[in-house]
Every structure is written in structure tokens, then in C-alpha cells.
Amino acid sequence: MKLPILWLRDYLEASDAAMSAAIADACKRWDLEHHADPAKSLATLYTFAGFNCDGVEGSGWTAVLELDVLANRPDAQCVLGLAREAAAFLRVPFKAPEYDVAEGPDPASALAKISVEDAHTCPRYTARVIRGVKVGPSPEWLQERLKAMGLTPRNNIVDVTNFILFEMNHPLHAFDLGKLAGRQIVVRRAKEKEPFKPLYDEVPPLTPETLVIADGERPVAIGGVIGGAGSEVSPATTEILLEAACFDPTSIRRTCRRLKAGTDSSYRFERGVDIAGVERASARAARLIAELAGGTVAKGLIDSNPNPPPMKDLALRFARIQSLYGVAVPADVVRAILGALGCEVLGETAEQLLVRPPSWRRHDLFREVDMIEEVARLHGYNHVPVETGMSARIPPRSALESAGDRARELFATLGYFEAITDSLIDPAWPAPAVWTAAAPLALNKKSVLREDHSSLRNSLAVSLLATQRLNQDRRSGVSRFFEIGRVFLPQEGHPRPEERPVLALLDETGFAPLADALRRLGEALSLDGAHLKFSRPLDGHGPAFLTPETACRVMRVREMREHERAEDPIGWLGVASPALCKAFDLKHAPAVAELNLAALAALPTAPRRYTPLPSQPENARDVAMVVEEAVAWQEVADFAAAYAGKQPLRDKSEAPRFLSVFRGKQLGAGKKSVAFSVVYRAADRSLSDEEVNAAHEHFVKDLLAHFKGTLRA
Amino acid sequence: MSLQDEIAQVRTEALAAFQSAGDANALEAARIKYIGSNGAVKAFMKRLGEVPKDQKPAAGQALNALKDELTNAHEAAKGAKASAAPKSAVAFDYSEPLAPERVHAAGKLHPLTRTVNELRDLLRALGFEVVEGPEVEDERHNFDDLNIPADHPARDSFDTFFLNKDALLRSQTSTVQVRVMESRRPPVRVIAPGRVYRPDIIDATHHSTFHQIEGLYVDKGVTMADLKGTLQLFVNGLFGEGTRIRFRPSFFPFTEPSAELDCSCPACGGDGCNVCKDSGWVELGGCGMVDPAVFEAINKARGDHAYDPDVWSGFAFGFGIERLAMRRHGITDIRRFLENDLRFLRQI
């Protein structure tokens, strides 16, 4: 909203010197920087009154301020509304414009007729008749004000209606009464495809949803939005029907959407104009038209609703102001602020005021708290003290939050970068069905701006694959990422999906480092006894986006013992399938994992338990065994661990230690050599080499027999 | 020569030999000769048998003392050699980096996570509990109960992605306020960091997916002064002690009175620069006192009068996390956050 300071001052009773002094005083009161240029200071003051100033054109008393008017203040979309604000924060007297109009003897009701068929959409329609006008250019003062607002002056009639729109926030329309068939106005719904030509541009064919202002035969305007060609004021016009009306904001909004049109009028009706201000707007416009274009204003206002609902009186408790604003505001300051805004103080006690808000604040000033905001705002938010009297009480942390924090710390320490990716994904991406077989949920087409951001992800891994691709294309480095975020899983018979917190990892350097990182997660989360383990590769029974020979379930040790029957694993890991790598054009197939973080967080936790350190030295013995490639280390480790039960000399608290694996020509194709060590120890004595060697030989013999292996030469 | 004389002579020779050894090799040769496993001291030990029985303890003690003295003298000589060695003889370059394969491969938390964690830790110390709410919401939680009625122009500023007529992507984390109050009685002190969505054209300063942190405090006697105090601490923690704040009146359907929070520009400290467009201030986010209409909507949903606006008051605030992180690190392109370019993640 443009605010020409020149125009603003029409409603403030203050000389240049008085204005300057009031501005300096207000800046001081609000602890704001005072500028030599009054326009700059006013701009700051308006900003701190809640009307953010975006710019100042020119300087001094002729400058124009560009102010943002907040959505709850339709009444301030006009110079008069902004002048009331200035009167309140500058503490200068407000000067209301003149609303009284001299009327001729002939009653308007005999000269024109109005009827409203849809009082819901048009709660008030009024008309005045002015006869004998002479259409011509407007005087200098009027043209100057309209130009400052960015409007082109047209003629003394149209200019007056525009002037009232910007002065009082009330859109008006002037018809050439002589061109209205039957000298009447009918406010009604349009007929299907009823012909209508607007004053400018084009509009789509009318429908019965659109409210039109019609004469005896045809629509002459779309109510509250735009006038029609043919009934407008022309140089030949001598009789005017001046419309001042109110329209239902919702209907105006819908109409504008349908017509894809918006005007200064519709903008205001959408936000709400003052239904009780109709008489004033109409009278003031008629007075100005008669003054500038001559003619006689017919007696009376033709009015479809002369008794709009009255304003409700409100109690404003002083204690309540302080209990929200945090500042005790003196009663006289409260009264002055409310008075400047147009409120009437009807009564006063030591505890409270009885206040009647002005009709133009009907939409935002109808509760005590609304008035408290006005007092706080215009008394000045800078007066709010900084207090921290809140008692400290350290709140609990959710298991999910703790698990997320610990996982983040672990993976960052291990060299993974945390990624945060968009949950809106490209539906063209392959969808790795980890948690659901259903396709990602699509956004409603109407709300989609970009096709590549139009589905809600059901897996995090896919986003990490896209991240690897981006880093590959930009040569930014080797991708090792983790992400904690939600995936969205459709639920049968429920409008909203399940939002599952998930942890995903991607490692371009391969399966083993990723598996190593994941193995540490159980400890990082302090899981009670049971650590995380992986199942053997599921050979085709795992998710299809992983290569079959690598796809493993992630489970707790306890579940593993139950023969890997867990239906709902904690997660999956494996190497991305060639098809998936191809879809993202990845040079290296990454290992990926996706875990249900909510399930992990729900597992019981316990602090790690201390085991006394052994007092006797360990006796480690190595084995290097050549076996078929198909023999997995896990099987060897399981065998060696179980074997400890048969040998009293084995230290059962020490797991078999993996040393290395070797593959080479010397061993032959399909063979590998696995080297590891086991530990022998007695709790109470040191063992002799002889007894350890004997026990170890026994173990090696059974080991080789079990795996059909040979010792590496 | 008695054994004692021989011992005295060996002692003198040995000390001289350690003292005068020209290099490490000569010193080592002297060590072997006198205190090595077949050296002179060991030889004396073997001859202890010759000593008369009553003199044995004294002789033994003397030999042990000699061994200790010579060992110390040798250590001292060796230390002196080492410290006297010219620097150039040591292969050491303080600036030599590790071979690439041996460099500690450290990862990092995402800058958004780090920003949230800082805010969370600050506010936790003030007693705020972290809570979460769904990202896919219904109209009641996203709009109606936040005092944003259908067909109201206020909804214009909250454009929304819809999944279907009953499900939308929340456009602000204020939805969590509603959910928390529905399920808990006052007093309530929570923060809700989370992801929100708005159909904005993606450019350097806008994204359709971004993050907010919402705070809500409801208790008896909560005022705007408590709000300002809390936010002052919040801003101090984020941008440093001495950062100034101020409120500007604003409008949000779910708070009244409402304010925008500004802080003195973290880039220039308030002197004016291109970041703050020479104003010395930057905008951080919105806040205000919980609107009684929100309390009433909650009461209606709960079916009780737990949040009586005449008894309870509260404040709420909401900040864009990306915007805070951008201010803090001087990031000029919001798209960097969800892109995850390793060069960016390493840098910030």
C-alpha cells in the first residue's frame, strides 16, 4: 500500500513543525533512530507499528511510503486507516474528513430502484442519485493524490470513486443512470453464459455462481469485482447512480479465482470492508462529486440493509494487559491509544475500561485480547522487558531422539557424512521397496509445481543413491553417507500414511566397511546384551534392489537364534543391484543399508557390564585354513566359538579373531585361505606350551574335517 | 690386588670410557665391556665365591651399587649423545601430511542437524522438551485449530501441498502445538523441530521442503517479557553474547499479540553491511502470545476446559532453521542444504 505523506497529512492536525516534533518524540519513546528526513523516520515508526516499510520514494513531506499491510488489517488498506495509526503513535490529533452532503428535494427512491435477490452474497447495497453533473477533468489536488498512488486520473466522477477507495477503503462504482435499463439495479446471480463485457480485459463466460449487478435487462457489473462496458460514465453522462455496497469476502474470493481476475475493489472486498461505513463513503463521494462536477444529490440513500449489526462492547482489564504484554500501561495511555484508533470508551473503573470498537475494525477487534494487542503495539514492543523467570526443569528425552543422536555420532566418527535429502522425490526414480511394495504416494496434481518433486519417498536409500550420483557428477568425492529421516508408507483405509523414522547408510567403498560400521551400532545404542547381527545372504529372498548374494537382514542376536524367522527385520543391507546402479548411472555399486530407527530405539538398553580383566596371560594360536569360497567367515567363527564349549583350556570370553583372507593362484580357483586366531587361557594358572599345542591340534583337526579344509602351506 | 681394588679400578675405567665414547657405537662397545651380560661387573659377580663368608654381604652390596652407578652413568652418556645429535640427523618434518590412505577419515553432521542440536540444547536447559508430530497432516491441525479458517485470505500465505482431500503436507510446525495441547494438560513447555513443505518455486532463497523449530510455553502468568527473555538467550547461544534483539508488531492467526523477531546483524554486529542491507538488523522469525482462539479450539477437541484462556497464557515462536543456519554461516543459497554436495558438507 502506497502512502503519500501529503495525503496522510490531510487527516492529521499538525503543522510541519508540530509534525517534526511529534516524530522526534515518538522515535525517542520507541528507542528508534531519528533521521533528519521526516519521511525516513515515519517509515521506521510505521515499521514498528506493524506496517513494515519496504521503501521510500522521494523525501520530506512529499515522499511516498510503501507499506505492507498485514492480512488482519483490511481497514488500514487506505490513507485514513494509516492516518489513525499515525495519530496514535505520533500522539497528534486526528482530523476526520467531511461526510455530510447537501441534498436536493427529489427523493432518490423515486429516481431509481434497487433490489437484492442474494442478501448473503451482497449483505448491503446502497445507491445515491446525482443529477445534472458535468463530466470533466478533476482539480489539481485530486489528480495529485491519485498520481501519487500510481493511478491515472480519468474524469471528476471516476476519480472521486477511486479517491474514496484509497481514502476510506471503500470501493464504489458510478453508473450512468441514463443507460441503466428500467433505471433499476438488480443484484442477482448470473445466468449460464449470460453475455457480459467488462470495462477492460476479458473474463470467462459467466455462470450462476457469479454475483452480478444487473439493470432491468443485463449484467452491468460483476459485483465487487469489475464494472461493465456500456453503463460506465462517459463525457455525455449527466445522471449518476452511485453504488456503495458490501460483498461477502468468501464469494468474492471464489469469483476472483474462477475469473482469474483481481482488482483494487475485489482485493478490498475479499479482506472485508466496513458494512456500517457504507453511508459515510457514499455521502462523502456524493458531496465531492457535487462539488467537483456540479449537479444535485437526490434526497436520501436507497439502502437494502439500513441496519447492519451493531458492534459489541468489550471489557478491557488493565491487569490482563500486563499479564500478556508484561508491561503495566497507564490508563490514560490506554485510553489515548484506543481513542486514536476510533474506539469509544463507554465506561471506566479502576480495573477496566468498557470499550466499543469502531465499525471498521469489525473483522479484527472483537475480543479483549485484540485490544491488548493494539495497546501493546502502539505503546511499543520495545518496552517489553527481557525476563527469564522460568523455573528450570530438565525435560526427558525420547528414546528415538537418543537413538538418533547416538547413531549420528557413531557414523560421523566412522567417517560418514550426514545427508539430509528432500522427502519429495521424482516418481520416475526406481523405488527400492524396502518397507512396502506400494509405489511412493503421489501429491495431488493440482498442488504440484515440479514433476521431479511430486512423490513422497518410501525409502531413504534411493535418495542416497541420487546423492552419490550428484557427487559423482561434480567430482566432489567418494560417497559415504548416512541419513536419518522419515519414510512414508501408505496405510490401508487411512487417509494419512505411516511416517516411519529410518536410518540409511550408503558406502561407495564397499560392503565390508559399511557392515563394520553397522556392527558397531548395537554397542553405540547400548542395546541390552543383544547386539545387531546380519543374517546370511538371502539369495534372492531379500529386497530386489540389492544383489541377491549380498542382501542380508539386520537383526538382533536373539532373533537370529530363533532361526531367522523374524518377519519384520530391523533392516537390510547389501550392495545395490546392477539395475539400480544403472538407473542412477553410478560408476561404483555402493553398499546400502536401511534400518527401522523406531524399532531400534524401542529395544531395551542397558549400560555395558564390566568383566574382570584376566590375571593370566593369553596363549593365542593362529590357523590359516584353505577352504572353498562358499564357506563364509561367519560359519568358521561360529564353529570356532562353539568349539570352545568342548575345550576347558579355551577362553570362552574371547571370540575367534579374524586375521585375514587370501585368494590367489597358489590356492587354485574357488578357494580361499582364512586366517584367524583363538585364545587359550586358564583362570588360575599359566598354561604350558605343550598343553596349549595339544588342545589346538585337536581343534585344528576337527576344524579341517568340518570344513573339508587343508592347512595353508 | 684385592678384589676391592680391582673393582675400584674397573669403576674408574668404565666411567671414563662412557664419558669419552665418541659416538653411539663406541658407547655401546663400552657398555658391553663393563655392564653387558658377559662384562666386567658380571665377572666380579661370578668371583664372589672367592670372598670369605663374613665379607660376602658387603662385597655383594658393593657390586650391586657399582652396577647401578655404571648403568646410570651409561644412560646419562647415552642421553647426552642423543640430545647433542644434530637436528638434521632426524627424519622429521612437522608439516608433512599423512599419506592419503592413512588420513583419519572423519565424517560430519549436516549443518542443519548441528543448528537444530544447538537450539535444542539451549532450550533444553530452559526446560523445553523435544517433541515431534506428523509431516502429513489434516486441515484441522494445519489450519482450523490454528485459527486459520477456510477461505480466509490468511490461508494465502500458507499455500499447501495436498495428497488428497484429507491429507496435506504441513506448512508449519505449529501443527505440533495443537497435537501436544490435545494430549497434555498445561503447563506445557516443548519445542518441535521438523520438516515443513510449501509449494514455492525453488530458487536461491526458497525451497519447497525446509525446516522449522517451533516453541510453545503455556503456564500461569506467561507474558511477552518471558518470550523476549527466552529468545534473548536463544539468540545469544546462536550468535554470541551481546547480540541485541527487538520485536516488531506482526500478524499470525495463531498468536496475539504477534511479533517478528529481529536481531543485530551477526555479520557486522549491527554496524550495517550488505547482509543486513545497512540496517544493522536481520529478521529471524515470528513469535507471539498464543491466541485464545487456539486454546478454545484445543478445548473443543479435548472436550474439556483444560486450557482456560483466563487462567493459562502462553507464548509460541517459530523459526526457519535454514534461515538461521544461513545467517550463522553466511550461506547464500538455500538449495545447498538438501543437495548434499560433499564439498559443501566438508566446508560448513
# chains A, B, ... in the order shown; residues from 1 in each chain; ligands from 1
>>> closest_atom_pairs(of="chain B", to="chain A", cutoff="6 Å", atoms="only C-alpha atoms", output="CSV")
residue,atom,partner,partner_atom,distance
B:Ala105,CA,A:Gly415,CA,4.9
B:Ala106,CA,A:Gly415,CA,4.1
B:Gly107,CA,A:Gly415,CA,3.8
B:Lys108,CA,A:Ala412,CA,4.9
B:Leu109,CA,A:Glu418,CA,5.0
B:His110,CA,A:Glu418,CA,5.1
B:Leu126,CA,A:Ala392,CA,5.5
B:Gly127,CA,A:Arg393,CA,4.8
B:Glu129,CA,A:Pro395,CA,5.2
B:Asp151,CA,A:Thr250,CA,5.8
B:Phe161,CA,A:Ser447,CA,5.2
B:Phe162,CA,A:Asn444,CA,5.5
B:Leu163,CA,A:Leu443,CA,4.5
B:Ala167,CA,A:Arg496,CA,5.9
B:Thr223,CA,A:Leu324,CA,4.5
B:Met224,CA,A:Tyr325,CA,5.1
B:Ala225,CA,A:Pro385,CA,5.2
B:Asp226,CA,A:Glu387,CA,5.0
B:Lys228,CA,A:Val386,CA,5.2
B:Gly229,CA,A:Val386,CA,4.3
B:Phe247,CA,A:Tyr381,CA,5.8
B:Arg248,CA,A:Phe48,CA,5.2
B:Pro249,CA,A:Gly50,CA,4.3
B:Ser250,CA,A:Gly50,CA,5.4
B:Pro257,CA,A:Glu373,CA,4.6
B:Leu338,CA,A:Thr421,CA,4.8
B:Asn340,CA,A:Ala419,CA,5.7
B:Asp341,CA,A:Asn471,CA,5.8
B:Leu342,CA,A:Ser476,CA,5.7
B:Arg343,CA,A:Ser476,CA,5.7
>>> write_last_selection(atoms="C-alpha atoms", output="tab-separated table (two decimals), in the first residue's frame")
chain	number	residue	atom	x	y	z
B	105	ALA	CA	38.56	-40.24	7.69
B	106	ALA	CA	36.23	-38.07	9.77
B	107	GLY	CA	32.64	-37.53	8.75
B	108	LYS	CA	30.35	-34.77	9.95
B	109	LEU	CA	26.84	-33.98	10.97
B	110	HIS	CA	24.80	-31.99	8.49
B	126	LEU	CA	15.40	-23.77	29.82
B	127	GLY	CA	13.19	-26.81	30.36
B	129	GLU	CA	11.18	-30.89	25.84
B	151	ASP	CA	-11.49	-19.18	2.56
B	161	PHE	CA	0.71	-29.45	-0.90
B	162	PHE	CA	-2.21	-31.85	-0.77
B	163	LEU	CA	-2.13	-35.64	-1.05
B	167	ALA	CA	-4.22	-35.23	3.88
B	223	THR	CA	3.97	-12.78	29.37
B	224	MET	CA	5.71	-11.27	26.36
B	225	ALA	CA	8.60	-10.48	28.73
B	226	ASP	CA	9.19	-14.22	29.21
B	228	LYS	CA	11.64	-11.90	24.96
B	229	GLY	CA	13.85	-13.34	27.70
B	247	PHE	CA	10.23	-7.14	18.40
B	248	ARG	CA	8.26	-5.70	15.51
B	249	PRO	CA	4.44	-5.99	15.54
B	250	SER	CA	3.16	-8.58	13.11
B	257	PRO	CA	-0.11	-10.10	20.22
B	338	LEU	CA	19.23	-30.68	0.59
B	340	ASN	CA	24.45	-32.83	-0.01
B	341	ASP	CA	27.43	-31.93	-2.16
B	342	LEU	CA	30.40	-33.28	-0.18
B	343	ARG	CA	32.37	-30.10	-0.90
>>> residues_around(residues="stretch 125-131 of chain A", least_positions_apart="4", cutoff="6 Å", atoms="only C-alpha atoms", output="count of residues only")
16
>>> closest_residue(among="B:Glu256, B:Ile245, B:Asn25, B:His305", to="B:Gly270", atoms="only C-alpha atoms")
B:Ile245
>>> closest_residue(among="A:Val627, A:Asp539, A:Arg650, A:Pro432", to="A:Leu580", atoms="only C-alpha atoms")
A:Pro432
>>> residues_around(residues="stretch 4-7 of chain B", least_positions_apart="6", cutoff="10 Å", atoms="only C-alpha atoms", output="list in words")
Glu13, Ala40, Val41, Phe44, Ala59, Ala62, Leu63 and Leu66 of chain B
>>> residues_around(residues="stretch 90-92 of chain A", least_positions_apart="5", cutoff="8 Å", atoms="only C-alpha atoms", output="PyMOL selection string")
chain A and resi 12-14+19+22-23+25-26
>>> residues_around(residues="stretch 535-537 of chain A", least_positions_apart="6", cutoff="9 Å", atoms="only C-alpha atoms", output="list in words")
Pro548, Glu549, Thr550, Ala551, Cys552, Arg553, Val554, Met555, Met560, Glu564, Gly574, Ala632 and Gln634 of chain A
>>> residues_around(residues="A:Trp360", least_positions_apart="3", cutoff="8 Å", atoms="only C-alpha atoms", output="VMD selection string")
chain A and resid 75 273 to 277 363
>>> write_last_selection(atoms="C-alpha atoms", output="CSV table (one decimal), in the first residue's frame")
chain,number,residue,atom,x,y,z
A,75,ASP,CA,-9.2,-1.3,7.4
A,273,VAL,CA,-14.9,-3.6,4.1
A,274,ASP,CA,-16.9,-1.7,6.8
A,275,ILE,CA,-20.6,-2.6,6.3
A,276,ALA,CA,-21.5,0.3,8.6
A,277,GLY,CA,-19.2,2.7,6.7
A,363,HIS,CA,-13.0,-8.1,11.5
>>> atom_distance(atom1="atom CA of A:Glu523", atom2="atom CA of A:Glu635")
22.5 Å
>>> select_by_dssp(residues="stretch 108-291 of chain B", states="alpha helix (DSSP H)", output="PyMOL selection string")
chain B and resi 111-125+139-142+174-183+224-239
>>> select_by_dssp(residues="stretch 634-669 of chain A", states="strand (DSSP E)", output="list of chain:residue names")
A:Arg657, A:Phe658, A:Leu659, A:Ser660, A:Val661, A:Phe662
>>> write_last_selection(atoms="N, CA and C atoms", output="short mmCIF file (atom, residue, chain, number, x, y, z; two decimals), in the first residue's frame")
data_model
loop_
_atom_site.label_atom_id
_atom_site.label_comp_id
_atom_site.auth_asym_id
_atom_site.auth_seq_id
_atom_site.Cartn_x
_atom_site.Cartn_y
_atom_site.Cartn_z
N ARG A 657 39.37 -64.50 16.52
CA ARG A 657 39.82 -63.22 15.95
C ARG A 657 40.15 -63.41 14.48
N PHE A 658 39.46 -62.70 13.65
CA PHE A 658 39.72 -62.75 12.21
C PHE A 658 41.05 -62.07 11.94
N LEU A 659 41.89 -62.68 11.13
CA LEU A 659 43.17 -62.04 10.80
C LEU A 659 43.19 -61.57 9.35
N SER A 660 42.95 -62.47 8.41
CA SER A 660 42.99 -62.05 7.01
C SER A 660 42.36 -63.14 6.16
N VAL A 661 42.11 -62.76 4.93
CA VAL A 661 41.69 -63.77 3.95
C VAL A 661 42.56 -63.56 2.73
N PHE A 662 42.95 -64.66 2.10
CA PHE A 662 43.84 -64.58 0.94
C PHE A 662 43.27 -65.43 -0.19
#
>>> atom_distance(atom1="atom CA of A:Asn596", atom2="atom CA of A:Pro569")
8.4 Å
>>> residues_around(residues="stretch 674-682 of chain A", least_positions_apart="5", cutoff="10 Å", atoms="only C-alpha atoms", output="JSON, numbers by chain")
{"A": [614, 615, 616, 617, 618, 619, 620, 621, 622, 623, 624, 625, 626, 627, 629, 631, 632, 633, 636, 637, 640, 641, 644, 647, 648, 649, 650, 651, 652, 653, 654, 655, 656, 657, 658, 659, 660, 661, 662, 663, 687, 691, 692, 693, 695, 696, 699, 711, 712]}
